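Asker: Please find target24.txt (compact mmCIF, C-alpha atoms and all ligand atoms) on the next line:
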```txt
# COMPACT_ATOMS: atom_id res chain seq x y z
CA MET A 56 51.03 94.47 149.43
CA ALA A 57 51.33 92.84 146.04
CA ILE A 58 51.76 96.24 144.39
CA ARG A 59 52.31 99.83 145.54
CA PHE A 60 51.18 102.85 143.55
CA GLU A 61 51.71 106.54 144.18
CA VAL A 62 50.91 109.64 142.13
CA LEU A 63 54.12 111.65 141.61
CA VAL A 64 52.94 114.61 139.48
CA ARG A 65 49.46 115.91 138.65
CA ASP A 66 48.76 117.97 135.49
CA ARG A 67 47.18 121.30 136.52
CA ARG A 68 45.06 121.58 133.38
CA SER A 69 43.67 118.03 133.11
CA GLY A 70 43.26 114.72 134.95
CA ALA A 71 46.60 113.50 133.60
CA ARG A 72 49.11 112.28 136.19
CA VAL A 73 52.49 110.57 136.44
CA GLY A 74 52.51 107.65 138.85
CA ARG A 75 54.95 105.03 140.06
CA LEU A 76 53.84 101.39 140.14
CA VAL A 77 55.93 98.96 142.22
CA THR A 78 55.43 95.25 141.47
CA PRO A 79 57.31 92.09 142.56
CA HIS A 80 58.81 92.06 139.03
CA GLY A 81 59.91 95.64 138.67
CA THR A 82 58.92 99.26 139.17
CA PHE A 83 57.83 101.56 136.37
CA GLU A 84 56.18 104.93 135.82
CA THR A 85 52.72 105.49 134.42
CA PRO A 86 51.01 106.28 132.09
CA MET A 87 52.31 103.07 130.56
CA PHE A 88 51.42 100.88 127.56
CA MET A 89 51.36 97.10 128.09
CA PRO A 90 52.25 94.95 125.04
CA VAL A 91 49.92 91.98 124.58
CA GLY A 92 51.39 88.49 124.70
CA THR A 93 48.21 86.40 124.49
CA GLN A 94 49.82 82.94 124.48
CA ALA A 95 52.79 83.74 126.73
CA THR A 96 54.66 85.48 123.92
CA VAL A 97 54.49 88.97 122.48
CA LYS A 98 54.26 87.62 118.95
CA THR A 99 57.62 87.48 117.07
CA LEU A 100 59.72 89.15 119.81
CA THR A 101 62.08 87.63 122.41
CA PRO A 102 62.07 88.79 126.05
CA GLU A 103 65.46 90.41 125.41
CA GLU A 104 63.97 92.50 122.59
CA LEU A 105 61.06 93.45 124.86
CA ARG A 106 63.57 94.71 127.43
CA GLU A 107 65.51 96.58 124.68
CA ILE A 108 62.44 98.51 123.56
CA GLY A 109 61.59 99.47 127.16
CA ALA A 110 58.66 97.14 127.89
CA LYS A 111 58.05 96.91 131.66
CA ILE A 112 54.85 94.89 131.83
CA VAL A 113 53.19 92.56 129.33
CA LEU A 114 49.79 90.91 129.15
CA ALA A 115 48.99 87.23 128.87
CA ASN A 116 45.63 85.55 128.59
CA THR A 117 43.94 83.23 131.04
CA TYR A 118 41.50 81.84 128.48
CA HIS A 119 44.18 80.83 125.98
CA LEU A 120 46.70 79.45 128.49
CA TRP A 121 44.02 77.50 130.32
CA LEU A 122 43.00 75.76 127.10
CA ARG A 123 46.62 75.35 125.95
CA PRO A 124 49.03 74.28 127.43
CA GLY A 125 46.96 74.29 130.66
CA GLU A 126 47.67 76.30 133.81
CA ASP A 127 49.03 73.17 135.50
CA VAL A 128 51.79 72.91 132.88
CA VAL A 129 52.74 76.57 133.31
CA ALA A 130 52.68 76.17 137.09
CA GLU A 131 54.99 73.14 136.84
CA ALA A 132 57.43 75.26 134.82
CA GLY A 133 57.52 77.64 137.79
CA GLY A 134 54.80 80.03 136.64
CA LEU A 135 54.48 82.42 133.68
CA HIS A 136 57.67 84.42 134.36
CA ARG A 137 59.86 81.29 134.24
CA PHE A 138 57.81 79.65 131.48
CA MET A 139 58.29 82.59 129.07
CA ALA A 140 61.63 83.75 130.54
CA TRP A 141 60.27 87.26 131.15
CA ASP A 142 61.44 88.85 134.40
CA GLY A 143 59.38 92.01 134.02
CA ALA A 144 55.82 92.41 135.30
CA ILE A 145 52.90 90.43 133.89
CA LEU A 146 49.15 91.11 133.90
CA THR A 147 46.64 88.42 132.98
CA ASP A 148 43.14 89.19 131.78
CA SER A 149 40.44 87.06 133.40
CA GLY A 150 39.24 85.36 130.22
CA GLY A 151 35.71 86.80 130.34
CA PHE A 152 36.21 89.02 127.33
CA GLN A 153 37.89 86.26 125.31
CA VAL A 154 35.07 83.81 125.99
CA PHE A 155 32.61 86.38 124.65
CA SER A 156 34.74 87.30 121.66
CA LEU A 157 36.27 83.93 120.69
CA ALA A 158 34.10 81.01 121.77
CA GLU A 159 31.04 80.00 119.78
CA ARG A 160 27.68 79.02 121.26
CA ARG A 161 28.18 80.28 124.80
CA ARG A 162 25.57 80.55 127.58
CA VAL A 163 25.92 82.93 130.50
CA GLU A 164 24.46 81.81 133.84
CA GLU A 165 24.80 83.11 137.39
CA GLU A 166 27.32 80.31 138.01
CA GLY A 167 29.50 81.19 135.06
CA VAL A 168 29.80 80.77 131.29
CA TYR A 169 29.38 77.55 129.32
CA PHE A 170 31.01 77.60 125.89
CA ARG A 171 32.68 75.51 123.23
CA SER A 172 36.47 75.71 122.97
CA HIS A 173 37.60 77.47 119.79
CA LEU A 174 40.35 74.84 119.57
CA ASP A 175 38.49 71.51 119.59
CA GLY A 176 34.83 72.39 120.10
CA SER A 177 34.64 70.64 123.51
CA VAL A 178 32.24 72.13 126.08
CA LYS A 179 33.99 74.27 128.71
CA PHE A 180 32.86 76.15 131.82
CA MET A 181 34.47 79.30 133.17
CA SER A 182 33.51 81.09 136.37
CA PRO A 183 35.09 83.55 138.81
CA GLU A 184 36.44 80.58 140.76
CA VAL A 185 37.92 78.88 137.68
CA SER A 186 39.38 82.14 136.32
CA ILE A 187 41.02 83.11 139.62
CA ALA A 188 42.36 79.59 140.20
CA VAL A 189 43.96 79.67 136.73
CA GLN A 190 45.38 83.17 137.29
CA ASN A 191 46.73 82.10 140.70
CA ALA A 192 48.44 79.13 139.01
CA LEU A 193 49.87 81.27 136.19
CA GLY A 194 51.38 83.67 138.73
CA ALA A 195 50.97 87.10 137.08
CA ASP A 196 51.67 90.17 139.23
CA ILE A 197 48.31 91.74 138.37
CA ILE A 198 45.21 89.62 137.77
CA MET A 199 41.69 90.62 136.74
CA ALA A 200 38.28 89.84 138.23
CA PHE A 201 36.06 87.61 136.07
CA ASP A 202 33.58 89.88 134.32
CA GLU A 203 31.16 90.09 131.45
CA CYS A 204 31.71 92.71 128.77
CA PRO A 205 28.18 93.21 127.36
CA PRO A 206 27.92 93.34 123.55
CA LEU A 207 27.80 96.74 121.85
CA GLU A 208 24.12 96.37 120.99
CA ALA A 209 22.97 95.31 124.49
CA ASP A 210 20.02 97.36 125.81
CA ARG A 211 19.90 99.09 129.20
CA ALA A 212 18.06 96.23 130.89
CA TYR A 213 20.68 93.71 129.79
CA VAL A 214 23.58 96.00 130.74
CA GLU A 215 22.09 96.67 134.17
CA ALA A 216 21.53 92.97 134.92
CA SER A 217 24.96 92.07 133.53
CA ALA A 218 26.73 94.71 135.65
CA ALA A 219 24.95 93.47 138.77
CA ARG A 220 26.11 89.93 138.01
CA THR A 221 29.64 91.16 137.26
CA LEU A 222 29.59 92.80 140.72
CA ARG A 223 28.61 89.46 142.31
CA TRP A 224 31.36 87.81 140.23
CA ALA A 225 33.82 90.43 141.51
CA GLU A 226 32.99 89.45 145.11
CA ARG A 227 33.40 85.77 144.20
CA SER A 228 36.74 86.61 142.52
CA LEU A 229 37.96 88.31 145.71
CA ARG A 230 36.90 85.31 147.82
CA ALA A 231 38.53 82.81 145.46
CA HIS A 232 41.88 84.68 145.30
CA ARG A 233 44.52 82.71 147.20
CA TYR A 234 47.60 85.00 147.04
CA PRO A 235 46.48 88.62 147.57
CA GLU A 236 49.85 89.43 149.11
CA ARG A 237 51.73 88.72 145.85
CA GLN A 238 49.16 89.03 143.06
CA ALA A 239 47.10 92.25 142.90
CA LEU A 240 43.48 91.56 141.89
CA PHE A 241 41.90 94.47 139.97
CA GLY A 242 38.15 95.06 139.78
CA ILE A 243 36.62 95.87 136.37
CA VAL A 244 33.98 98.59 136.04
CA GLN A 245 31.13 97.84 133.65
CA GLY A 246 27.80 99.60 133.01
CA GLY A 247 27.81 100.00 129.24
CA PHE A 248 27.30 103.54 127.92
CA TYR A 249 24.97 104.59 130.77
CA PRO A 250 26.70 107.10 133.08
CA ASP A 251 24.38 106.35 135.99
CA LEU A 252 25.06 102.59 135.76
CA ARG A 253 28.80 103.29 135.45
CA VAL A 254 28.89 105.48 138.57
CA ALA A 255 26.87 102.98 140.61
CA HIS A 256 29.11 100.11 139.47
CA ALA A 257 32.32 102.04 140.18
CA ARG A 258 31.15 102.95 143.70
CA ALA A 259 30.12 99.38 144.46
CA LEU A 260 33.50 98.04 143.32
CA VAL A 261 35.38 100.75 145.26
CA ALA A 262 33.55 99.61 148.39
CA LEU A 263 35.17 96.18 147.87
CA ASP A 264 38.58 97.88 148.17
CA PHE A 265 40.49 96.39 145.21
CA PRO A 266 44.17 97.45 144.87
CA GLY A 267 43.45 98.76 141.36
CA TYR A 268 40.60 99.23 138.91
CA ALA A 269 40.06 98.64 135.20
CA VAL A 270 37.45 100.35 133.06
CA GLY A 271 35.98 97.59 130.91
CA GLY A 272 33.16 97.42 128.39
CA LEU A 273 34.73 100.06 126.14
CA SER A 274 36.66 100.09 122.84
CA ILE A 275 34.14 97.62 121.45
CA GLY A 276 33.10 99.68 118.42
CA GLU A 277 31.43 102.67 120.08
CA PRO A 278 32.31 106.19 118.81
CA LYS A 279 35.41 107.56 120.56
CA GLU A 280 33.40 110.49 121.94
CA VAL A 281 31.14 107.98 123.73
CA MET A 282 34.19 106.30 125.29
CA TYR A 283 35.59 109.68 126.37
CA ARG A 284 32.28 110.71 127.96
CA ILE A 285 32.06 107.42 129.89
CA LEU A 286 35.62 107.97 131.16
CA GLU A 287 34.71 111.51 132.26
CA GLU A 288 31.75 110.15 134.23
CA THR A 289 33.47 107.08 135.68
CA VAL A 290 37.12 107.83 136.53
CA PRO A 291 36.38 110.53 139.15
CA HIS A 292 34.64 107.83 141.22
CA LEU A 293 37.75 105.65 141.31
CA PRO A 294 40.32 106.17 144.10
CA GLU A 295 42.87 108.80 143.11
CA GLY A 296 45.71 106.85 144.75
CA LYS A 297 45.09 103.55 142.95
CA PRO A 298 46.00 102.55 139.37
CA ARG A 299 43.35 102.88 136.63
CA TYR A 300 43.58 100.57 133.60
CA LEU A 301 41.58 101.21 130.41
CA MET A 302 41.22 97.84 128.69
CA GLY A 303 41.79 97.38 124.98
CA VAL A 304 42.96 100.89 124.09
CA GLY A 305 46.10 101.53 122.10
CA SER A 306 45.66 104.20 119.39
CA PRO A 307 47.46 107.52 119.96
CA ASP A 308 44.32 109.69 119.97
CA ALA A 309 42.48 107.43 122.44
CA ILE A 310 45.57 107.14 124.66
CA PHE A 311 45.94 110.94 124.90
CA ALA A 312 42.21 111.39 125.59
CA ALA A 313 42.24 108.71 128.30
CA VAL A 314 45.45 110.01 129.93
CA GLU A 315 43.93 113.48 130.26
CA ARG A 316 40.90 111.84 131.92
CA GLY A 317 43.09 110.11 134.53
CA ILE A 318 43.93 106.68 133.05
CA ASP A 319 47.32 105.14 133.96
CA LEU A 320 47.55 101.79 132.10
CA PHE A 321 46.69 100.68 128.55
CA ASP A 322 46.77 97.48 126.53
CA SER A 323 45.95 96.77 122.90
CA VAL A 324 46.72 94.17 120.27
CA LEU A 325 46.64 97.03 117.72
CA PRO A 326 50.39 97.83 117.36
CA THR A 327 51.45 94.20 117.14
CA ARG A 328 48.52 93.10 114.97
CA ILE A 329 48.91 95.83 112.32
CA ALA A 330 52.69 95.25 112.34
CA ARG A 331 52.18 91.66 111.19
CA ASN A 332 50.00 92.99 108.37
CA GLY A 333 52.73 95.42 107.28
CA THR A 334 51.48 98.69 108.78
CA ALA A 335 53.93 100.84 110.76
CA MET A 336 53.01 103.53 113.29
CA THR A 337 55.26 106.55 112.60
CA SER A 338 55.40 110.12 113.89
CA ARG A 339 53.62 111.14 110.69
CA GLY A 340 50.87 108.55 110.94
CA ARG A 341 50.41 105.05 109.63
CA LEU A 342 52.65 103.79 106.81
CA VAL A 343 51.80 100.68 104.76
CA VAL A 344 55.20 99.31 103.80
CA ARG A 345 53.84 97.19 100.94
CA ASN A 346 52.95 100.31 98.94
CA ALA A 347 54.74 100.62 95.57
CA GLU A 348 55.93 104.13 96.49
CA TYR A 349 58.49 102.60 98.89
CA ARG A 350 60.06 100.22 96.35
CA ARG A 351 63.10 102.44 95.89
CA SER A 352 62.85 104.34 99.17
CA TRP A 353 66.11 104.12 101.12
CA GLU A 354 64.93 106.15 104.10
CA PRO A 355 64.10 104.73 107.55
CA LEU A 356 60.51 103.93 108.50
CA ASP A 357 60.44 107.02 110.70
CA ALA A 358 63.11 109.74 110.56
CA ASN A 359 62.18 110.74 114.12
CA CYS A 360 62.55 107.23 115.57
CA ASP A 361 65.87 106.07 117.04
CA CYS A 362 64.95 102.41 117.37
CA LYS A 363 67.24 99.65 116.04
CA VAL A 364 64.96 99.05 113.05
CA CYS A 365 64.86 102.70 111.98
CA ARG A 366 68.64 103.00 112.44
CA THR A 367 69.38 99.87 110.40
CA PHE A 368 66.81 99.17 107.68
CA THR A 369 65.07 101.10 104.90
CA ARG A 370 61.47 101.27 103.71
CA GLY A 371 62.55 99.62 100.46
CA TYR A 372 64.00 96.65 102.31
CA LEU A 373 60.97 96.31 104.61
CA ARG A 374 58.65 96.45 101.58
CA HIS A 375 60.69 93.66 99.99
CA LEU A 376 60.46 91.51 103.14
CA PHE A 377 56.66 91.74 103.14
CA HIS A 378 56.34 91.09 99.41
CA ALA A 379 58.68 88.11 99.77
CA GLU A 380 56.69 86.96 102.83
CA GLU A 381 59.89 86.80 104.85
CA MET A 382 59.37 86.32 108.60
CA LEU A 383 61.79 89.17 109.36
CA GLY A 384 59.20 91.65 108.07
CA PRO A 385 56.61 91.19 110.84
CA ARG A 386 59.40 90.96 113.42
CA LEU A 387 60.95 94.31 112.47
CA LEU A 388 57.62 96.13 112.28
CA THR A 389 56.47 94.68 115.62
CA TYR A 390 59.75 95.80 117.23
CA HIS A 391 59.32 99.34 115.83
CA ASN A 392 55.59 99.71 116.57
CA LEU A 393 56.01 98.74 120.22
CA TYR A 394 59.08 100.97 120.53
CA PHE A 395 57.03 103.80 118.98
CA LEU A 396 54.16 103.39 121.47
CA LEU A 397 56.45 102.92 124.48
CA SER A 398 58.39 106.07 123.56
CA LEU A 399 55.07 107.92 123.11
CA MET A 400 54.26 106.97 126.73
CA GLU A 401 57.69 108.27 127.82
CA GLY A 402 56.95 111.52 125.99
CA ILE A 403 53.57 111.79 127.70
CA ARG A 404 55.13 111.25 131.16
CA ALA A 405 57.83 113.88 130.47
CA SER A 406 55.26 116.39 129.20
CA ILE A 407 53.12 115.95 132.36
CA ARG A 408 56.18 116.41 134.55
CA GLU A 409 57.10 119.62 132.68
CA GLY A 410 53.57 121.06 132.61
CA ARG A 411 53.27 120.93 128.80
CA PHE A 412 50.97 117.89 128.32
CA GLN A 413 48.35 119.79 126.24
CA GLU A 414 51.03 121.23 123.94
CA PHE A 415 52.69 117.82 123.51
CA LYS A 416 49.30 116.23 122.74
CA GLU A 417 48.41 118.84 120.10
CA ALA A 418 51.83 118.65 118.43
CA PHE A 419 51.90 114.85 118.38
CA LEU A 420 48.32 114.36 117.12
CA SER A 421 48.53 117.04 114.42
CA ALA A 422 51.63 115.33 112.99
CA TYR A 423 50.26 111.80 113.40
CA TYR A 424 46.84 112.53 111.85
CA ALA A 425 48.08 115.24 109.46
CA ASP A 426 47.47 113.38 106.17
CA GLN A 427 44.24 111.75 107.28
CA PRO A 428 40.84 113.39 106.70
N1 LIG A 501 38.16 91.34 131.01
C1 LIG A 501 37.89 92.27 130.09
N2 LIG A 501 38.75 92.46 129.06
C2 LIG A 501 38.42 93.42 128.10
C3 LIG A 501 39.26 93.56 126.96
C4 LIG A 501 40.52 92.72 126.74
C5 LIG A 501 41.75 93.55 127.07
N3 LIG A 501 42.94 92.97 126.44
C6 LIG A 501 43.29 91.67 126.96
C7 LIG A 501 44.50 91.11 126.26
C8 LIG A 501 44.96 89.87 126.97
C9 LIG A 501 45.32 88.91 125.87
C10 LIG A 501 44.54 89.31 124.67
C11 LIG A 501 44.24 90.76 124.82
C12 LIG A 501 38.90 94.51 126.00
N4 LIG A 501 39.47 94.82 124.80
C13 LIG A 501 38.68 95.78 124.27
N5 LIG A 501 38.87 96.32 123.08
C14 LIG A 501 39.91 95.81 122.19
C15 LIG A 501 39.41 96.17 120.81
C16 LIG A 501 40.41 95.83 119.79
C17 LIG A 501 40.37 94.56 119.20
C18 LIG A 501 41.31 94.26 118.22
C19 LIG A 501 42.24 95.22 117.82
C20 LIG A 501 42.26 96.47 118.44
C21 LIG A 501 41.35 96.79 119.43
N6 LIG A 501 37.66 96.11 125.07
C22 LIG A 501 37.77 95.33 126.16
C23 LIG A 501 36.95 95.19 127.28
C24 LIG A 501 37.26 94.22 128.24
C25 LIG A 501 36.40 94.00 129.38
O1 LIG A 501 35.36 94.66 129.56
N7 LIG A 501 36.75 93.02 130.26
ZN ZN A 502 61.65 102.83 114.80
```
Is it possible to give me this structure as structure tokens?
Ligand SMILES: Nc1nc2c(CCNCC3CCCC3)c3[nH]c(NCCc4ccccc4)nc3cc2c(=O)[nH]1
Ligand SMILES: [Zn+2]

Answerer:
Amino acid sequence: MAIRFEVLVRDRRSGARVGRLVTPHGTFETPMFMPVGTQATVKTLTPEELREIGAKIVLANTYHLWLRPGEDVVAEAGGLHRFMAWDGAILTDSGGFQVFSLAERRRVEEEGVYFRSHLDGSVKFMSPEVSIAVQNALGADIIMAFDECPPLEADRAYVEASAARTLRWAERSLRAHRYPERQALFGIVQGGFYPDLRVAHARALVALDFPGYAVGGLSIGEPKEVMYRILEETVPHLPEGKPRYLMGVGSPDAIFAAVERGIDLFDSVLPTRIARNGTAMTSRGRLVVRNAEYRRSWEPLDANCDCKVCRTFTRGYLRHLFHAEEMLGPRLLTYHNLYFLLSLMEGIRASIREGRFQEFKEAFLSAYYADQP
């Protein structure tokens, strides 16, 4: 078994649960947030810093690494873990979503997707077989089936046809997978915002007996209530004893809502992306360090955070770094934002264990969104 998962504690008032996920590169408890390291690096941080902040599993991207440096190069280095010197767990996305969100002029066929590389404009072709071969070469502990995430504005007919094709692609992904004993292949549930299509797709994927399941096709601009409703309709049809991964979600409110609907794993570029733009996530909401009000502020980013950044630097200094365009600015905010999210996950796990998840959620969200309308 490439991975083992077991539910340790169930919340009595919601679908929230604490689980334990065992991988060849470490064991950790869920719910868990997975920092995104698209091009084999969580931007600006070293693997040692990732360990310091408590990261247990990071994401890398098939699409990017296939185009550059090439999966053959990474394989020659001994695989992703050796290449990036990260001995924790790694999950690679299948590249489907990135083709649809990055490449220009793409064409989706039964065979796969033709598109132009965003790097040099050359014509490329990606399919379940190509995606799985690349993910097998990269060597991540968890890999994803090749899927299509339909655009937000797709109509029911398109979504239905796309989900049916994604199901056929899921079967092709399973057949193409060469190392099921050491890389766990997760299926990805699609079906747009149509509960009946979601349930049918979930059941069909469950019949294929994947070791874990992702809920895809969400967090693409739909209202949060729509996402929450789709989770309510979909998650109950996924096996209780297998991990559930909600793709592309990383804001505190959405994380809480998804945890209480039974989600175990999350990923988002949000904390690292806004950090590089100078926005910190703090216990009292977002804080834009560039603001003039912090020019002479000698307090930490977050008085309730015990991370190295909050124990060492002040808001005034961080504001200066961003105004001076010093590279230390994005580094320090990335370090803090990931620490903040990873400690939020620790708080969620503890609250589920102690039967006070709802209270923890209300207290955290009222402080985090206090000043916002
Ligand atoms: N295969 C697949 N991947 C999806 C992803 C990518 C998840 N992160 C991958 C990492 C691997 C490397 C890159 C990312 C998604 N990300 C989002 N929303 C993110 C929205 C967002 C965008 C920017 C900022 C914040 C939120 N929805 C997603 C749906 C799917 C999907 O159906 N199928
Ligand atoms: Zn901090």

Asker: Between A:Phe138, A:Phe201, A:Tyr394, A:Tyr372, which one has atoms that come closest to Val154 of chain A, using only C-alpha atoms?

Answerer: A:Phe201

Asker: Mind listing as a ChimeraX atom specification all residues within 10 Å of (43.0, 106.9, 145.5), counting all atoms listed in the file?

Answerer: /A:60-62,261,266-267,291-299

Asker: Between A:Val290, A:Ile108, A:Val244, A:Ala269, which is the closest to ligand ZN 502 (chain A) once you count all atoms listed in the file?

Answerer: A:Ile108

Asker: Can you build me a table of chain A residues sitting at most 7 Å from ligand ZN 502 (chain A), with the closest atom pair per residue and its distance in Å to one decimal, using all atoms listed in the file, sorted by chain and residue number, as a tab-separated table?

Answerer:
```
residue	atom	partner	partner_atom	distance
A:Leu356	CA	A:ZN502	ZN	6.5
A:Asp357	CA	A:ZN502	ZN	6.0
A:Cys360	CA	A:ZN502	ZN	4.6
A:Asp361	CA	A:ZN502	ZN	5.8
A:Cys362	CA	A:ZN502	ZN	4.2
A:Lys363	CA	A:ZN502	ZN	6.5
A:Val364	CA	A:ZN502	ZN	5.3
A:Cys365	CA	A:ZN502	ZN	4.3
A:His391	CA	A:ZN502	ZN	4.3
A:Tyr394	CA	A:ZN502	ZN	6.5
A:Phe395	CA	A:ZN502	ZN	6.3
```

Asker: Rounded to one decimal place, report the atom CA of Val128 of chain A-atom CA of Met181 of chain A distance in Å.

Answerer: 18.5 Å

Asker: Looking at all atoms listed in the file, which of A:Glu380, A:Glu277, A:Glu354, A:Glu226 is the one that sits closest to ligand LIG 501 (chain A)?

Answerer: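 The answer is A:Glu277, which sits nearest to ligand LIG 501 (chain A).
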
Asker: Counting all atoms listed in the file, which residues in chain A sit no more than 8 Å from ligand LIG 501 (chain A)? For each one, give the nearest pair of atoms and the distance in Å, sorted by chain then residue number, as a tab-separated table.

Answerer:
```
residue	atom	partner	partner_atom	distance
A:Val91	CA	A:LIG501	C9	5.7
A:Gly92	CA	A:LIG501	C9	6.2
A:Thr93	CA	A:LIG501	C9	4.1
A:Gln94	CA	A:LIG501	C9	7.6
A:Leu114	CA	A:LIG501	C8	5.4
A:Ala115	CA	A:LIG501	C9	5.0
A:Asn116	CA	A:LIG501	C9	4.3
A:Thr117	CA	A:LIG501	C9	7.8
A:Thr147	CA	A:LIG501	C8	6.4
A:Asp148	CA	A:LIG501	C8	5.2
A:Ser149	CA	A:LIG501	N1	5.4
A:Gly150	CA	A:LIG501	N1	6.1
A:Gly151	CA	A:LIG501	N1	5.2
A:Phe152	CA	A:LIG501	C1	4.6
A:Gln153	CA	A:LIG501	C4	7.1
A:Met199	CA	A:LIG501	N1	6.8
A:Ala200	CA	A:LIG501	N1	7.4
A:Phe201	CA	A:LIG501	N1	6.6
A:Asp202	CA	A:LIG501	N1	5.8
A:Glu203	CA	A:LIG501	N7	6.4
A:Cys204	CA	A:LIG501	O1	4.2
A:Pro205	CA	A:LIG501	O1	7.6
A:Ile243	CA	A:LIG501	N7	6.7
A:Val244	CA	A:LIG501	O1	7.7
A:Gln245	CA	A:LIG501	O1	6.7
A:Val270	CA	A:LIG501	O1	7.0
A:Gly271	CA	A:LIG501	O1	3.3
A:Gly272	CA	A:LIG501	O1	3.7
A:Leu273	CA	A:LIG501	N6	5.0
A:Ser274	CA	A:LIG501	N5	4.4
A:Ile275	CA	A:LIG501	N5	5.2
A:Gly276	CA	A:LIG501	C15	7.6
A:Met302	CA	A:LIG501	C5	4.6
A:Gly303	CA	A:LIG501	N4	3.5
A:Val304	CA	A:LIG501	N5	6.2
A:Gly305	CA	A:LIG501	C21	7.2
A:Asp322	CA	A:LIG501	N3	5.9
A:Ser323	CA	A:LIG501	C21	5.8
A:Val324	CA	A:LIG501	C19	5.2
A:Leu325	CA	A:LIG501	C20	4.5
A:Arg328	CA	A:LIG501	C19	7.2
```

Asker: Mind giving me the straight-line distance from atom CA of Leu397 of chain A to atom CA of Glu104 of chain A in Å, one decimal?

Answerer: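 Those two atoms sit 13.0 Å apart.
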
Asker: One number please: atom CA of Gly247 of chain A to atom CA of Val185 of chain A, in Å, one decimal.

Answerer: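 Value for the atom CA of Gly247 of chain A-atom CA of Val185 of chain A distance: 24.9 Å.
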
Asker: Find the residue from A:Leu396, A:Ile58, A:Met336, A:Ala257 that sits nearest to Pro79 of chain A; use all atoms listed in the file when measuring.

Answerer: A:Ile58

Asker: Excluding Arg123 of chain A and its own-chain neighbours fewer than 2 positions away, which residues fall within 12 Å of it when counting only C-alpha atoms? Please give them as a PyMOL selection string.

Answerer: chain A and resi 93-95+116-121+125-129+172-175+189

Asker: Given the choices A:Arg341, A:Arg370, A:Gly246, A:Glu84, which gets closest to Pro206 of chain A if the distance is worked out from only C-alpha atoms?

Answerer: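 That would be A:Gly246, the residue with the smallest distance to Pro206 of chain A.
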
Asker: Would you kindly return, as a PyMOL selection string, each protein, DNA or RNA residue with an atom no farther than 10 Å from any atom of Trp353 of chain A, considering only C-alpha atoms and excluding same-chain residues fewer than 4 positions away?

Answerer: chain A and resi 349+368-373

Asker: May I have the residues within 12 Å of segment 405-412 of chain A as a PyMOL selection string, using all atoms listed in the file and disregarding those fewer than 2 positions away in the same chain?

Answerer: chain A and resi 62-74+84-86+311-312+314-315+317+398-403+414-419

Asker: Which one of A:Gly109, A:Pro355, A:Gly134, A:Gly176 sits closest to Met89 of chain A if you count all atoms listed in the file?

Answerer: A:Gly109

Asker: Given the point (48.9, 92.8, 115.4) in the file's coordinates, find the residues that have an atom at most 10 Å from it, counting only C-alpha atoms, and give them as JSON, numbers by chain.

Answerer: {"A": [91, 97, 98, 323, 324, 325, 326, 327, 328, 329, 330, 331, 332, 333, 334, 385, 388, 389, 392]}

Asker: Could those selected residues go to a file with C-alpha atoms, as a PDB file, keeping the file's coordinate frame?

Answerer:
```pdb
ATOM      1  CA  VAL A  91      49.920  91.980 124.580  1.00  0.00           C
ATOM      2  CA  VAL A  97      54.490  88.970 122.480  1.00  0.00           C
ATOM      3  CA  LYS A  98      54.260  87.620 118.950  1.00  0.00           C
ATOM      4  CA  SER A 323      45.950  96.770 122.900  1.00  0.00           C
ATOM      5  CA  VAL A 324      46.720  94.170 120.270  1.00  0.00           C
ATOM      6  CA  LEU A 325      46.640  97.030 117.720  1.00  0.00           C
ATOM      7  CA  PRO A 326      50.390  97.830 117.360  1.00  0.00           C
ATOM      8  CA  THR A 327      51.450  94.200 117.140  1.00  0.00           C
ATOM      9  CA  ARG A 328      48.520  93.100 114.970  1.00  0.00           C
ATOM     10  CA  ILE A 329      48.910  95.830 112.320  1.00  0.00           C
ATOM     11  CA  ALA A 330      52.690  95.250 112.340  1.00  0.00           C
ATOM     12  CA  ARG A 331      52.180  91.660 111.190  1.00  0.00           C
ATOM     13  CA  ASN A 332      50.000  92.990 108.370  1.00  0.00           C
ATOM     14  CA  GLY A 333      52.730  95.420 107.280  1.00  0.00           C
ATOM     15  CA  THR A 334      51.480  98.690 108.780  1.00  0.00           C
ATOM     16  CA  PRO A 385      56.610  91.190 110.840  1.00  0.00           C
ATOM     17  CA  LEU A 388      57.620  96.130 112.280  1.00  0.00           C
ATOM     18  CA  THR A 389      56.470  94.680 115.620  1.00  0.00           C
ATOM     19  CA  ASN A 392      55.590  99.710 116.570  1.00  0.00           C
TER      20      ASN A 392
END
```

Asker: For segment 223-231 of chain A, I'd like the enclosing box, axis-aligned and padded by 6 Å on every side, reported as lines of an AutoDock Vina configuration file with centre and edge lengths in Å to one decimal.

Answerer:
```
center_x = 33.6
center_y = 86.6
center_z = 144.0
size_x = 21.9
size_y = 19.6
size_z = 19.6
```

Asker: Neighbours of Pro278 of chain A within 12 Å (only C-alpha atoms; same-chain residues fewer than 6 positions away dropped), as a list in words?

Answerer: Leu207, Phe248, Arg284, Ile285 and Ala309 of chain A

Asker: Write to file, as a compact mmCIF listing (two decimals), keeping the file's coordinate frame, the residues of the selection just made, with C-alpha atoms.

Answerer:
```txt
# COMPACT_ATOMS: atom_id res chain seq x y z
CA LEU A 207 27.80 96.74 121.85
CA PHE A 248 27.30 103.54 127.92
CA ARG A 284 32.28 110.71 127.96
CA ILE A 285 32.06 107.42 129.89
CA ALA A 309 42.48 107.43 122.44
```
